[in-house]
Amino acid sequence: MRSYAFFRHTACEYFPCHQTDDPESFNCLFCYCPLYALGEACGGDFAYTKSGVKDCSACAFPHKRENYDAVVARCGELARLAGKKEK
């Protein structure tokens, strides 16, 4: 077991922050989803509000214990997105 890949914060007033049938496996490690910044390419179950704000309330992808590796694998995309642009 890789303890660094899972954290459950049951004392949090928002736990669980998404609907789940398995709160024992609800991973709080990515409390704020790092994939949010990828917009439509995040791969999660999201929608846009009428005002154009990304709404991830129906997405539990980063909160599933088994998805840790999939989230971390996309960090390169996030680094490129945040990288300095040539002028």
# chains A, B, ... in the order shown; residues from 1 in each chain; ligands from 1
$ residues_around --residues "Cys56 in chain A" --least-positions-apart "6" --cutoff "7 Å" --atoms "only C-alpha atoms" --output "ChimeraX atom specification"
/A:45-47
$ select_by_dssp --residues "chain A" --states "helix (DSSP H, G or I)" --output "PyMOL selection string"
chain A and resi 3-5+23-25+34-42+61-63+65-72+75-82
$ atom_distance --atom1 "CA of Arg65 in chain A" --atom2 "CA of Thr20 in chain A"
12.2 Å
$ residues_around --residues "range 23-30 of chain A" --least-positions-apart "5" --cutoff "12 Å" --atoms "only C-alpha atoms" --output "list in words"
Ser3, Tyr4, Ala5, Phe6, Phe7, Arg8, His9, Thr10, Ala11, Cys12, Tyr14, Phe15, Pro16, Cys17, His18, Leu35, Tyr36, Ala60, Phe61, Pro62, His63, Lys64, Arg65, Glu66, Asn67, Tyr68, Asp69, Val71 and Val72 of chain A
$ select_by_dssp --residues "range 3-77 of chain A" --states "strand (DSSP E)" --output "PyMOL selection string"
chain A and resi 47-48+54-55
$ atom_distance --atom1 "CA of Ala41 in chain A" --atom2 "CA of Arg2 in chain A"
27.6 Å
$ atom_distance --atom1 "CA of Ala82 in chain A" --atom2 "CA of Ala37 in chain A"
9.4 Å
